[in-house]
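Have a look at protein_24.cif; it's mmCIF, C-alpha atoms and all ligand atoms:
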data_structure
loop_
_atom_site.label_atom_id
_atom_site.label_comp_id
_atom_site.auth_asym_id
_atom_site.auth_seq_id
_atom_site.Cartn_x
_atom_site.Cartn_y
_atom_site.Cartn_z
CA MET T 1 144.74 191.19 -10.01
CA ASP T 2 141.01 191.03 -10.78
CA PHE T 3 138.93 193.68 -8.98
CA GLN T 4 135.58 192.68 -10.54
CA PRO T 5 132.71 191.77 -8.14
CA ASP T 6 133.00 188.10 -7.27
CA PRO T 7 129.82 186.22 -6.23
CA GLY T 8 131.99 183.49 -4.70
CA LEU T 9 133.57 186.06 -2.44
CA ASP T 10 130.15 187.42 -1.41
CA ALA T 11 129.11 183.90 -0.43
CA PHE T 12 132.33 183.54 1.56
CA ARG T 13 131.60 186.82 3.35
CA GLU T 14 128.17 185.50 4.31
CA GLU T 15 129.77 182.31 5.62
CA VAL T 16 132.16 184.34 7.82
CA ARG T 17 129.29 186.53 9.08
CA ALA T 18 127.20 183.47 9.93
CA PHE T 19 130.15 181.95 11.80
CA LEU T 20 130.65 185.17 13.78
CA ARG T 21 126.94 185.35 14.65
CA GLU T 22 126.92 181.75 15.86
CA ARG T 23 130.34 181.26 17.41
CA PHE T 24 131.49 184.66 18.76
CA PRO T 25 130.40 184.19 22.40
CA ALA T 26 128.43 187.00 24.01
CA ASP T 27 130.56 186.78 27.15
CA LEU T 28 133.86 187.05 25.24
CA PRO T 29 135.11 190.65 25.28
CA GLY T 30 135.90 191.84 21.77
CA ASN T 31 139.10 193.56 20.85
CA PRO T 32 139.21 196.75 22.91
CA VAL T 33 139.91 199.98 21.09
CA GLY T 34 143.42 201.26 21.57
CA SER T 35 144.95 197.83 21.33
CA VAL T 36 146.40 195.90 18.42
CA ARG T 37 146.16 192.64 20.34
CA SER T 38 143.43 191.35 22.66
CA ALA T 39 144.04 190.36 26.26
CA ARG T 40 145.75 186.98 26.59
CA GLU T 41 142.84 184.88 27.86
CA ASP T 42 140.36 186.34 25.35
CA LEU T 43 142.75 185.85 22.49
CA LEU T 44 143.51 182.23 23.41
CA ARG T 45 139.83 181.37 23.82
CA TRP T 46 138.98 182.89 20.44
CA GLN T 47 141.93 181.10 18.83
CA ARG T 48 140.57 177.76 20.05
CA ILE T 49 137.12 178.55 18.62
CA LEU T 50 138.66 179.49 15.27
CA ASN T 51 140.76 176.36 15.28
CA GLU T 52 137.72 174.12 15.93
CA GLN T 53 136.18 175.66 12.82
CA GLY T 54 139.37 174.88 10.83
CA TRP T 55 140.11 178.61 10.61
CA GLY T 56 142.95 178.77 13.15
CA ALA T 57 145.48 180.03 10.61
CA PRO T 58 143.77 182.19 7.98
CA TYR T 59 147.07 183.34 6.46
CA TRP T 60 148.86 180.02 6.04
CA PRO T 61 148.79 177.66 3.08
CA LYS T 62 146.95 174.37 3.49
CA GLU T 63 150.15 172.31 3.56
CA HIS T 64 151.21 174.17 6.74
CA GLY T 65 147.88 173.58 8.50
CA GLY T 66 146.26 176.83 7.35
CA THR T 67 143.00 177.57 5.56
CA GLY T 68 144.67 178.00 2.17
CA TRP T 69 142.43 181.01 1.55
CA THR T 70 143.11 183.39 -1.30
CA VAL T 71 144.38 186.87 -0.59
CA LEU T 72 140.89 188.31 -1.07
CA GLN T 73 139.30 185.75 1.25
CA ARG T 74 141.82 186.67 3.94
CA LEU T 75 141.00 190.36 3.56
CA VAL T 76 137.27 189.59 3.81
CA PHE T 77 137.84 187.48 6.92
CA ASP T 78 139.86 190.28 8.58
CA GLU T 79 137.26 192.91 7.65
CA GLU T 80 134.37 190.90 9.06
CA CYS T 81 136.17 189.97 12.29
CA VAL T 82 137.13 193.59 12.96
CA ALA T 83 133.63 194.84 12.05
CA ALA T 84 132.13 192.33 14.51
CA GLY T 85 134.63 193.46 17.17
CA ALA T 86 136.01 189.92 17.55
CA PRO T 87 139.23 189.41 19.54
CA THR T 88 142.44 189.47 17.56
CA GLN T 89 144.73 186.55 16.88
CA ASP T 90 148.38 186.52 17.91
CA PHE T 91 149.69 188.32 14.82
CA LEU T 92 153.30 188.01 16.06
CA GLY T 93 153.10 184.22 16.11
CA GLN T 94 150.70 183.82 13.20
CA LYS T 95 151.90 186.36 10.66
CA LEU T 96 155.54 186.93 11.57
CA LEU T 97 157.03 183.86 13.21
CA ALA T 98 155.12 180.92 11.67
CA PRO T 99 156.13 181.73 8.06
CA VAL T 100 159.77 181.94 9.27
CA VAL T 101 159.60 178.55 11.03
CA ASN T 102 157.96 177.00 7.97
CA ALA T 103 160.53 178.48 5.59
CA PHE T 104 163.75 178.11 7.62
CA GLY T 105 162.99 175.80 10.58
CA THR T 106 163.99 172.18 11.08
CA PRO T 107 161.29 169.45 11.10
CA GLU T 108 161.63 169.31 14.91
CA GLN T 109 161.12 173.09 15.23
CA LYS T 110 158.03 172.91 13.02
CA THR T 111 156.57 170.08 15.11
CA GLU T 112 157.34 171.95 18.33
CA HIS T 113 155.96 175.38 17.44
CA ILE T 114 153.46 175.36 14.57
CA PRO T 115 150.69 173.28 16.24
CA ARG T 116 150.97 175.36 19.42
CA ILE T 117 150.48 178.61 17.51
CA LEU T 118 147.53 177.03 15.73
CA ASN T 119 145.69 175.76 18.78
CA GLY T 120 146.38 178.81 20.93
CA GLU T 121 148.74 177.26 23.47
CA ARG T 122 151.69 179.56 22.96
CA LEU T 123 151.89 183.35 22.55
CA TRP T 124 154.91 185.11 21.06
CA CYS T 125 156.69 188.42 21.29
CA GLN T 126 159.34 189.98 19.06
CA GLY T 127 162.76 190.83 20.51
CA PHE T 128 164.44 192.89 17.81
CA SER T 129 164.80 196.55 18.90
CA GLU T 130 167.37 197.66 21.46
CA PRO T 131 168.21 201.04 22.96
CA GLY T 132 170.13 202.65 20.08
CA SER T 133 169.22 199.91 17.57
CA GLY T 134 165.76 200.46 16.11
CA SER T 135 165.89 201.74 12.54
CA ASP T 136 169.52 200.69 12.41
CA LEU T 137 168.63 197.17 13.56
CA ALA T 138 171.85 195.64 12.28
CA SER T 139 173.79 197.53 14.97
CA LEU T 140 172.18 195.40 17.73
CA ARG T 141 174.46 194.36 20.58
CA THR T 142 172.65 191.66 22.58
CA ARG T 143 175.37 189.02 22.65
CA ALA T 144 175.02 185.24 22.35
CA ALA T 145 178.19 183.28 23.13
CA LEU T 146 178.42 179.57 22.37
CA ASP T 147 178.96 177.35 25.41
CA GLY T 148 178.73 173.65 24.50
CA ASP T 149 175.26 172.97 23.12
CA HIS T 150 173.86 176.26 24.46
CA TYR T 151 174.11 179.96 23.66
CA VAL T 152 174.52 182.26 26.64
CA VAL T 153 172.58 185.46 25.95
CA ASN T 154 173.30 188.83 27.59
CA GLY T 155 171.82 192.21 26.72
CA GLN T 156 168.67 194.26 26.53
CA LYS T 157 165.71 194.59 24.18
CA ILE T 158 163.21 197.46 24.27
CA TRP T 159 159.67 198.18 23.05
CA THR T 160 158.92 194.45 23.29
CA SER T 161 155.14 194.46 22.73
CA TYR T 162 153.27 191.99 24.96
CA ALA T 163 156.44 190.44 26.44
CA HIS T 164 154.57 190.40 29.77
CA GLU T 165 151.96 188.04 28.26
CA ALA T 166 154.17 186.00 25.95
CA ASP T 167 155.28 182.40 26.43
CA TRP T 168 158.18 182.62 23.96
CA ILE T 169 160.20 185.33 22.23
CA PHE T 170 161.86 185.34 18.81
CA LEU T 171 165.12 187.10 19.29
CA LEU T 172 167.91 188.63 17.25
CA VAL T 173 171.34 188.27 18.83
CA ARG T 174 174.91 189.05 17.88
CA THR T 175 177.07 185.94 17.53
CA ASP T 176 179.96 187.61 15.71
CA THR T 177 181.46 191.07 16.17
CA GLU T 178 183.94 190.85 13.29
CA GLY T 179 183.24 191.83 9.68
CA LYS T 180 180.00 193.25 8.26
CA LYS T 181 177.53 193.88 11.10
CA GLN T 182 174.62 192.17 9.25
CA ALA T 183 176.66 188.95 8.95
CA GLY T 184 177.05 188.49 12.72
CA ILE T 185 173.33 188.26 13.58
CA THR T 186 171.55 185.03 14.56
CA PHE T 187 167.84 184.24 15.06
CA LEU T 188 166.89 182.39 18.27
CA LEU T 189 163.64 181.14 19.79
CA VAL T 190 163.60 181.51 23.57
CA ASP T 191 161.21 180.26 26.24
CA MET T 192 160.28 183.30 28.37
CA LYS T 193 160.41 181.13 31.50
CA THR T 194 164.16 180.57 31.06
CA PRO T 195 166.07 181.82 34.14
CA GLY T 196 167.73 185.22 33.63
CA ILE T 197 164.92 186.96 31.69
CA THR T 198 163.40 190.07 33.30
CA VAL T 199 160.49 192.00 31.81
CA ARG T 200 159.81 195.58 32.91
CA PRO T 201 156.72 197.50 31.78
CA ILE T 202 156.76 200.75 29.79
CA ARG T 203 153.53 202.73 30.09
CA SER T 204 152.79 204.53 26.82
CA ILE T 205 151.09 207.86 26.01
CA ASP T 206 147.71 206.08 25.71
CA ASP T 207 148.07 205.15 29.41
CA CYS T 208 148.13 201.42 28.54
CA HIS T 209 150.66 198.67 29.04
CA HIS T 210 151.61 197.04 25.73
CA LEU T 211 155.33 197.77 25.82
CA ASN T 212 158.25 196.45 27.82
CA GLU T 213 161.97 196.41 28.33
CA THR T 214 163.32 192.85 28.28
CA PHE T 215 166.64 192.03 29.93
CA PHE T 216 168.79 188.92 29.37
CA ASP T 217 171.27 187.98 32.04
CA ASN T 218 173.23 184.80 31.23
CA VAL T 219 170.18 183.22 29.63
CA ARG T 220 170.99 179.70 28.36
CA VAL T 221 169.31 178.86 25.06
CA PRO T 222 169.76 175.43 23.44
CA VAL T 223 171.52 175.61 20.05
CA SER T 224 168.60 173.52 18.74
CA ASN T 225 166.44 176.68 19.19
CA ARG T 226 168.40 178.53 16.51
CA ILE T 227 166.54 179.14 13.25
CA GLY T 228 168.79 178.66 10.22
CA ALA T 229 172.56 178.71 10.52
CA GLU T 230 174.59 180.97 12.80
CA GLY T 231 174.84 184.36 11.04
CA ASP T 232 171.63 183.79 8.99
CA GLY T 233 169.62 186.16 11.19
CA TRP T 234 169.67 189.12 8.82
CA LYS T 235 168.43 187.12 5.82
CA ILE T 236 165.60 185.68 7.95
CA THR T 237 164.73 189.12 9.33
CA LYS T 238 164.37 190.60 5.85
CA PHE T 239 161.92 187.79 5.02
CA LEU T 240 159.99 188.44 8.25
CA LEU T 241 159.85 192.24 7.91
CA ASN T 242 158.35 191.92 4.45
CA ASN T 243 155.39 190.13 6.04
CA GLU T 244 155.16 192.84 8.71
CA HIS T 245 154.58 195.60 6.12
CA ALA T 246 151.86 193.75 4.23
CA GLY T 247 149.15 194.26 6.90
CA ALA T 248 150.43 197.60 8.12
CA ALA T 249 147.69 199.79 6.65
CA ASP T 250 145.09 197.97 8.78
CA VAL T 251 142.21 198.71 6.41
CA PRO T 252 139.63 196.82 8.54
CA PHE T 253 140.52 199.13 11.43
CA LEU T 254 140.17 202.19 9.18
CA ARG T 255 136.72 201.02 8.10
CA ARG T 256 135.66 200.42 11.69
CA CYS T 257 136.80 203.97 12.60
CA LEU T 258 134.91 205.39 9.63
CA GLY T 259 131.69 203.73 10.83
CA LYS T 260 132.23 205.13 14.30
CA LEU T 261 133.04 208.59 12.96
CA LYS T 262 129.77 208.62 10.98
CA HIS T 263 127.90 207.59 14.10
CA ILE T 264 129.50 210.45 16.06
CA ALA T 265 128.74 212.90 13.23
CA LEU T 266 125.06 211.97 13.39
CA SER T 267 124.77 212.02 17.17
CA GLU T 268 126.82 215.13 18.08
CA GLN T 269 125.11 218.49 17.82
CA VAL T 270 126.70 221.79 16.76
CA ASP T 271 124.53 224.90 17.17
CA GLY T 272 121.43 222.75 17.37
CA ALA T 273 122.13 220.71 14.23
CA PRO T 274 123.90 217.34 13.77
CA LEU T 275 127.61 217.70 13.13
CA ILE T 276 127.25 215.93 9.77
CA GLU T 277 125.34 218.99 8.48
CA GLU T 278 128.38 221.18 9.05
CA GLN T 279 129.81 221.61 5.56
CA GLY T 280 133.49 221.65 6.48
CA PHE T 281 133.14 218.50 8.55
CA ALA T 282 131.09 216.70 5.88
CA LEU T 283 133.81 217.44 3.33
CA ARG T 284 136.52 216.14 5.67
CA LEU T 285 134.54 212.95 6.26
CA ALA T 286 133.98 212.43 2.52
CA ARG T 287 137.67 212.89 1.84
CA LEU T 288 138.62 210.35 4.53
CA GLU T 289 136.16 207.83 3.09
CA ALA T 290 137.57 208.25 -0.43
CA GLU T 291 141.11 207.83 0.86
CA ILE T 292 140.17 204.68 2.78
CA ASP T 293 138.61 203.22 -0.37
CA ALA T 294 141.83 204.00 -2.27
CA MET T 295 143.85 202.44 0.56
CA ALA T 296 141.73 199.28 0.39
CA MET T 297 142.58 198.95 -3.31
CA LEU T 298 146.28 199.49 -2.63
CA ALA T 299 146.16 196.89 0.18
CA LYS T 300 144.64 194.35 -2.25
CA ARG T 301 147.34 195.06 -4.82
CA VAL T 302 150.10 194.67 -2.24
CA ALA T 303 148.56 191.47 -0.86
CA ALA T 304 148.33 190.06 -4.39
CA MET T 305 152.06 190.72 -4.84
CA GLU T 306 153.04 188.60 -1.83
CA GLN T 307 155.05 186.13 -3.91
CA ASP T 308 156.62 188.94 -5.92
CA HIS T 309 160.00 189.86 -4.46
CA SER T 310 160.76 192.59 -7.00
CA PRO T 311 161.95 196.04 -5.86
CA ALA T 312 158.60 197.50 -6.99
CA ALA T 313 156.65 195.08 -4.76
CA HIS T 314 158.90 195.92 -1.84
CA ALA T 315 158.35 199.66 -2.41
CA MET T 316 154.56 199.16 -2.63
CA GLY T 317 154.60 197.54 0.83
CA SER T 318 156.41 200.60 2.19
CA MET T 319 153.93 202.94 0.46
CA LEU T 320 151.08 201.06 2.10
CA LYS T 321 152.73 201.39 5.50
CA VAL T 322 153.34 205.15 5.14
CA ARG T 323 149.94 206.12 3.75
CA GLY T 324 147.93 203.64 5.83
CA THR T 325 149.43 204.70 9.14
CA GLU T 326 149.04 208.40 8.28
CA LEU T 327 145.36 207.72 7.62
CA GLN T 328 145.07 205.90 10.96
CA GLN T 329 146.37 209.02 12.68
CA ARG T 330 144.14 211.41 10.75
CA ILE T 331 140.92 209.48 11.27
CA THR T 332 141.48 208.95 15.00
CA GLU T 333 142.29 212.66 15.40
CA CYS T 334 139.11 213.52 13.52
CA MET T 335 137.10 211.27 15.89
CA VAL T 336 138.49 213.08 18.92
CA GLU T 337 137.72 216.49 17.39
CA ALA T 338 134.21 215.39 16.40
CA LEU T 339 133.45 214.63 20.04
CA GLY T 340 134.08 218.27 20.90
CA ASP T 341 134.67 218.90 24.60
CA TYR T 342 134.39 215.20 25.41
CA GLY T 343 137.04 214.14 22.90
CA ALA T 344 139.86 214.79 25.34
CA VAL T 345 138.43 212.42 27.95
CA ALA T 346 140.11 209.02 28.21
CA TYR T 347 137.10 206.91 29.19
CA PRO T 348 138.13 203.88 31.24
CA GLU T 349 137.11 200.38 30.23
CA PRO T 350 134.11 199.13 32.26
CA HIS T 351 136.28 196.83 34.37
CA ASP T 352 138.43 199.83 35.38
CA ARG T 353 135.43 201.74 36.73
CA THR T 354 134.94 201.83 40.46
CA ARG T 355 131.64 203.66 40.84
CA GLY T 356 129.64 202.17 37.98
CA VAL T 357 128.22 205.60 37.10
CA ALA T 358 127.86 206.25 33.36
CA LEU T 359 130.22 208.96 32.17
CA PRO T 360 129.02 211.74 29.84
CA ARG T 361 129.07 210.67 26.15
CA GLU T 362 130.55 207.35 27.19
CA ASP T 363 128.33 205.71 24.59
CA VAL T 364 130.32 207.15 21.69
CA GLY T 365 133.43 208.40 23.47
CA ARG T 366 134.81 205.20 24.95
CA GLY T 367 138.30 204.43 23.78
CA VAL T 368 138.46 207.20 21.18
CA ALA T 369 141.16 209.28 22.87
CA THR T 370 143.09 206.10 23.80
CA GLU T 371 143.00 204.96 20.18
CA MET T 372 144.17 208.36 18.92
CA PHE T 373 147.12 208.34 21.32
CA PHE T 374 148.04 204.74 20.50
CA ARG T 375 148.06 205.40 16.75
CA ARG T 376 150.68 208.13 17.22
CA ALA T 377 153.06 205.17 17.35
CA SER T 378 151.85 203.60 14.09
CA THR T 379 154.28 205.67 12.01
CA ILE T 380 157.11 204.35 14.22
CA TYR T 381 156.50 200.63 14.82
CA GLY T 382 157.15 198.21 12.00
CA GLY T 383 159.69 200.70 10.55
CA THR T 384 159.33 204.50 10.76
CA SER T 385 157.83 206.55 7.92
CA GLU T 386 161.21 208.18 7.24
CA VAL T 387 162.84 204.78 6.84
CA GLN T 388 159.97 203.59 4.59
CA ARG T 389 160.41 206.66 2.40
CA GLY T 390 164.10 205.83 2.16
CA ILE T 391 163.17 202.31 0.96
CA ILE T 392 160.77 203.71 -1.65
CA ALA T 393 163.42 206.12 -2.92
CA LYS T 394 166.00 203.35 -3.15
CA MET T 395 163.77 200.65 -4.64
CA LEU T 396 161.83 202.73 -7.16
CA PHE T 397 164.26 205.50 -8.03
CA GLN T 398 167.65 203.97 -7.17
CA LEU T 399 168.42 207.04 -5.00
C1 LIG T 401 154.13 200.90 19.95
C2 LIG T 401 155.43 200.26 19.53
C3 LIG T 401 155.54 198.88 19.51
C4 LIG T 401 156.76 198.28 19.19
N1 LIG T 401 156.85 196.91 19.27
C5 LIG T 401 158.06 196.33 19.06
C6 LIG T 401 158.23 194.94 19.27
O1 LIG T 401 157.29 194.23 19.64
N2 LIG T 401 159.47 194.40 19.08
C7 LIG T 401 160.54 195.14 18.68
O2 LIG T 401 161.60 194.59 18.50
N3 LIG T 401 160.41 196.48 18.46
C8 LIG T 401 159.21 197.09 18.65
N4 LIG T 401 159.07 198.45 18.48
C9 LIG T 401 160.25 199.24 18.13
C10 LIG T 401 160.21 199.84 16.73
O3 LIG T 401 160.49 198.86 15.76
C11 LIG T 401 161.25 200.97 16.73
O4 LIG T 401 160.77 201.97 17.61
C12 LIG T 401 161.45 201.57 15.36
O5 LIG T 401 162.09 200.66 14.51
C13 LIG T 401 162.27 202.88 15.43
O6 LIG T 401 163.45 202.69 16.13
P1 LIG T 401 163.89 203.68 17.31
O7 LIG T 401 162.73 203.81 18.24
O8 LIG T 401 165.17 203.16 17.87
O9 LIG T 401 164.09 205.08 16.64
P2 LIG T 401 165.40 205.55 15.82
O10 LIG T 401 165.77 204.48 14.86
O11 LIG T 401 166.41 206.04 16.77
O12 LIG T 401 164.80 206.77 15.00
C14 LIG T 401 164.70 208.09 15.55
C15 LIG T 401 164.26 209.02 14.42
O13 LIG T 401 165.26 209.04 13.39
C16 LIG T 401 164.69 208.71 12.14
N5 LIG T 401 165.62 207.90 11.33
C17 LIG T 401 166.34 206.85 11.76
N6 LIG T 401 167.06 206.32 10.74
C18 LIG T 401 166.75 207.05 9.65
C19 LIG T 401 167.16 206.99 8.28
N7 LIG T 401 168.01 206.05 7.82
N8 LIG T 401 166.64 207.91 7.41
C20 LIG T 401 165.77 208.85 7.86
N9 LIG T 401 165.36 208.97 9.15
C21 LIG T 401 165.83 208.07 10.03
C22 LIG T 401 163.45 207.89 12.47
O14 LIG T 401 162.51 207.93 11.45
C23 LIG T 401 162.97 208.57 13.73
O15 LIG T 401 162.19 209.69 13.42
C24 LIG T 401 157.86 199.08 18.80
C25 LIG T 401 157.74 200.47 18.78
C26 LIG T 401 156.55 201.06 19.17
C27 LIG T 401 156.47 202.57 19.16
#

Just give me the structure as structure tokens.
Amino acid sequence: MDFQPDPGLDAFREEVRAFLRERFPADLPGNPVGSVRSAREDLLRWQRILNEQGWGAPYWPKEHGGTGWTVLQRLVFDEECVAAGAPTQDFLGQKLLAPVVNAFGTPEQKTEHIPRILNGERLWCQGFSEPGSGSDLASLRTRAALDGDHYVVNGQKIWTSYAHEADWIFLLVRTDTEGKKQAGITFLLVDMKTPGITVRPIRSIDDCHHLNETFFDNVRVPVSNRIGAEGDGWKITKFLLNNEHAGAADVPFLRRCLGKLKHIALSEQVDGAPLIEEQGFALRLARLEAEIDAMAMLAKRVAAMEQDHSPAAHAMGSMLKVRGTELQQRITECMVEALGDYGAVAYPEPHDRTRGVALPREDVGRGVATEMFFRRASTIYGGTSEVQRGIIAKMLFQL
């Protein structure tokens, strides 16, 4: 991979910035802190604006209706959107499901789902984890029994992010209980409006509602909604999870936090002087900045290896996930500490406020504690750090 400055890429960055200045509406709330996905209506509106520009699918090749951008262009686009505070896209549909449908789906499934992800008509959630089946995903028990041209699904999923806002779910089910447990798993696409699905909220430590329990009680799913053959679910999941690791470090988010941390360091006072003049803090900030720069380089290397399915490439994705999420936790903790007494306050979003009175240090404090609490989960979702370390040991050192 070539890391030399690229004038073409600088011009592209300017093009993205100009687009964001012109087309990011002032009345469209940006992505709130403490959330990996924007609220449904904001996200769908932004998706339509992106699609009008021809940028609806920044990560897909041209032949699938995407922009066909290079890896570096995609990273620039992500960086600029996060820096501008633009709403997110539906990463579950865009980054996880669409590549699966394009690689394993039938022509009918592609026609049904891909355009609707692109034009922001359909939001997705991921139904993999179950109580007792998270890291050991292959032990999942949600059962799908064949009944004519339908599967009848019974069981429970947990930690289903955004199930309460999703139109469809991609689901792993057990279709065979004999033999190797991986061989009995099947991948289904299910309309969330199908009778028998119940979604119950789980409120997390950040006091937000992203997570849910999702129950399936005799849910009838047409066989035509199966991706691949019966029993292909594990192969498809391995393909999907590889894409999940690639963006796990969330470098644009780290950069946005760094900017905010510098702002706090300049505006907070300690013993009559700005916090940034405190030597210990300045050193900590410098170290974080150097580590984020190193992480950005690692993210580029991993992104450039996307077609490389070697054990080393796989291990690099896991390294990115472990180190990137640890950095997310450290920088958000540092932001809370830098705010001193006010760091512990969970400032509500403006629409949650009843009295309209400005809260102390709301200008810099909003969302910081929420973000710190939310990122506690980053070393769990998408595969825990312990499991990632196991992958690195196995792939690189054959342990
Ligand atoms: C915020 C959040 C969002 C999520 N969103 C979704 C979603 O949208 N859809 C979905 O399907 N799931 C989702 N998950 C679930 C997530 O994938 C699981 O929580 C994760 O895989 C861990 O599984 P578990 O919670 O069952 O923990 P367990 O697997 O029970 O792990 C418990 C502990 O044991 C350790 N451990 C387990 N196995 C090993 C091993 N082999 N070697 C070493 N240590 C091990 C783990 O590291 C962990 O510390 C989400 C989770 C969170 C926190």

Do you know which residues are at most 7 Å from Asp191 of chain T counting only C-alpha atoms, after dropping those on the same chain fewer than 4 positions away, and could you put them as an mmCIF file with C-alpha atoms, in the frame of the given file?
data_model
loop_
_atom_site.group_PDB
_atom_site.id
_atom_site.type_symbol
_atom_site.label_atom_id
_atom_site.label_comp_id
_atom_site.auth_asym_id
_atom_site.auth_seq_id
_atom_site.Cartn_x
_atom_site.Cartn_y
_atom_site.Cartn_z
ATOM 1 C CA ASP T 167 155.280 182.400 26.430
ATOM 2 C CA TRP T 168 158.180 182.620 23.960
ATOM 3 C CA ILE T 169 160.200 185.330 22.230
#

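Considering all atoms listed in the file, the residues that reside within 6 Å of ligand LIG 401 (chain T) can be listed as Gln126, Gly127, Phe128, Ser129, Gly132, Ser133, Gly134, Ser135, Asp136, Trp159, Thr160, Ser161, Ala377, Ile380, Tyr381, Gly382, Gly383, Thr384, Glu386 and Val387 of chain T.
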
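Among the candidate residues T:Leu28, T:Ile236, T:Ala86, T:Ile114, the one lying nearest to Val100 of chain T is T:Ile236, with distances computed using all atoms listed in the file.
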
Mind checking which residues fall within 9 Å of His150 of chain T, counting only C-alpha atoms, ignoring those fewer than 3 positions away in the same chain, and posting them as a ChimeraX atom specification? /T:145-147,220-224

Counting only C-alpha atoms, find the residues whose atoms lie at most 10 Å from (169.0, 186.7, 20.4) (file coordinates) and write them out as a PyMOL selection string. chain T and resi 127-128+140-144+151-157+169-175+185-190+216+219+221+226+233

Pick from T:Asp207, T:Asp27, T:Asp78, T:Glu277, whichever lies nearest to Ala265 of chain T using all atoms listed in the file: T:Glu277

Counting only C-alpha atoms, select every polymer residue within 7 Å of (151.1, 198.3, -0.6) as defined in the file's coordinates, and provide the selection as a compact mmCIF listing (two decimals) with C-alpha atoms, in the coordinates of the input.
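So the final result, stored in part.txt, reads:
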# COMPACT_ATOMS: atom_id res chain seq x y z
CA ALA T 246 151.86 193.75 4.23
CA LEU T 298 146.28 199.49 -2.63
CA ALA T 299 146.16 196.89 0.18
CA ARG T 301 147.34 195.06 -4.82
CA VAL T 302 150.10 194.67 -2.24
CA MET T 316 154.56 199.16 -2.63
CA GLY T 317 154.60 197.54 0.83
CA SER T 318 156.41 200.60 2.19
CA MET T 319 153.93 202.94 0.46
CA LEU T 320 151.08 201.06 2.10

Of the residues T:Lys300, T:Lys321, T:His309, T:Arg287, which is the one nearest to Cys334 of chain T, using only C-alpha atoms? T:Arg287

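Coordinates place atom CA of Leu118 of chain T at a distance of 10.9 Å from atom CA of Ile49 of chain T.
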
Which of T:Leu211, T:Met372, T:Val199, T:Ile117 sits closest to Asn51 of chain T [using only C-alpha atoms]: T:Ile117

Could you list, as a PyMOL selection string, every residue within 12 Å of Gly68 of chain T, counting all atoms listed in the file and ignoring same-chain residues fewer than 2 positions away? chain T and resi 54-66+70-74

Measuring between only C-alpha atoms, which one of T:Thr194, T:Val251, T:Ile202, T:Glu230 shows the shortest distance to Asp176 of chain T? T:Glu230

Just want the 10 Å neighbourhood of Lys260 of chain T, counted on only C-alpha atoms, with same-chain residues fewer than 6 positions away dropped. Output as a short mmCIF file (atom, residue, chain, number, x, y, z; two decimals) with C-alpha atoms, in the frame of the given file.
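Once everything was written out, this is part_29.cif:
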data_model
loop_
_atom_site.label_atom_id
_atom_site.label_comp_id
_atom_site.auth_asym_id
_atom_site.auth_seq_id
_atom_site.Cartn_x
_atom_site.Cartn_y
_atom_site.Cartn_z
CA LEU T 254 140.17 202.19 9.18
CA LEU T 266 125.06 211.97 13.39
CA MET T 335 137.10 211.27 15.89
CA VAL T 364 130.32 207.15 21.69
CA GLY T 365 133.43 208.40 23.47
CA VAL T 368 138.46 207.20 21.18
#

Write out as a compact mmCIF listing (two decimals) with C-alpha atoms, keeping the file's coordinate frame which residues come within 10 Å of Asn243 of chain T when counting all atoms listed in the file, dropping same-chain ones fewer than 4 positions away.
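Just written: around-v7.txt:
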# COMPACT_ATOMS: atom_id res chain seq x y z
CA LYS T 95 151.90 186.36 10.66
CA LEU T 96 155.54 186.93 11.57
CA LEU T 97 157.03 183.86 13.21
CA PRO T 99 156.13 181.73 8.06
CA VAL T 100 159.77 181.94 9.27
CA THR T 237 164.73 189.12 9.33
CA LYS T 238 164.37 190.60 5.85
CA PHE T 239 161.92 187.79 5.02
CA GLY T 247 149.15 194.26 6.90
CA ALA T 248 150.43 197.60 8.12
CA ALA T 303 148.56 191.47 -0.86
CA GLU T 306 153.04 188.60 -1.83
CA GLY T 317 154.60 197.54 0.83

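The two atoms in question, atom CA of Gly184 of chain T and atom CA of Gly228 of chain T, are spaced 13.1 Å apart.
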
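With only C-alpha atoms as the basis for measurement, T:Leu75 is the residue among T:Asp149, T:Asp90, T:Arg48, T:Leu75 that approaches Val16 of chain T most closely.
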
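Atom to atom, atom CA of Leu20 of chain T and atom CA of Glu121 of chain T stand 22.0 Å apart.
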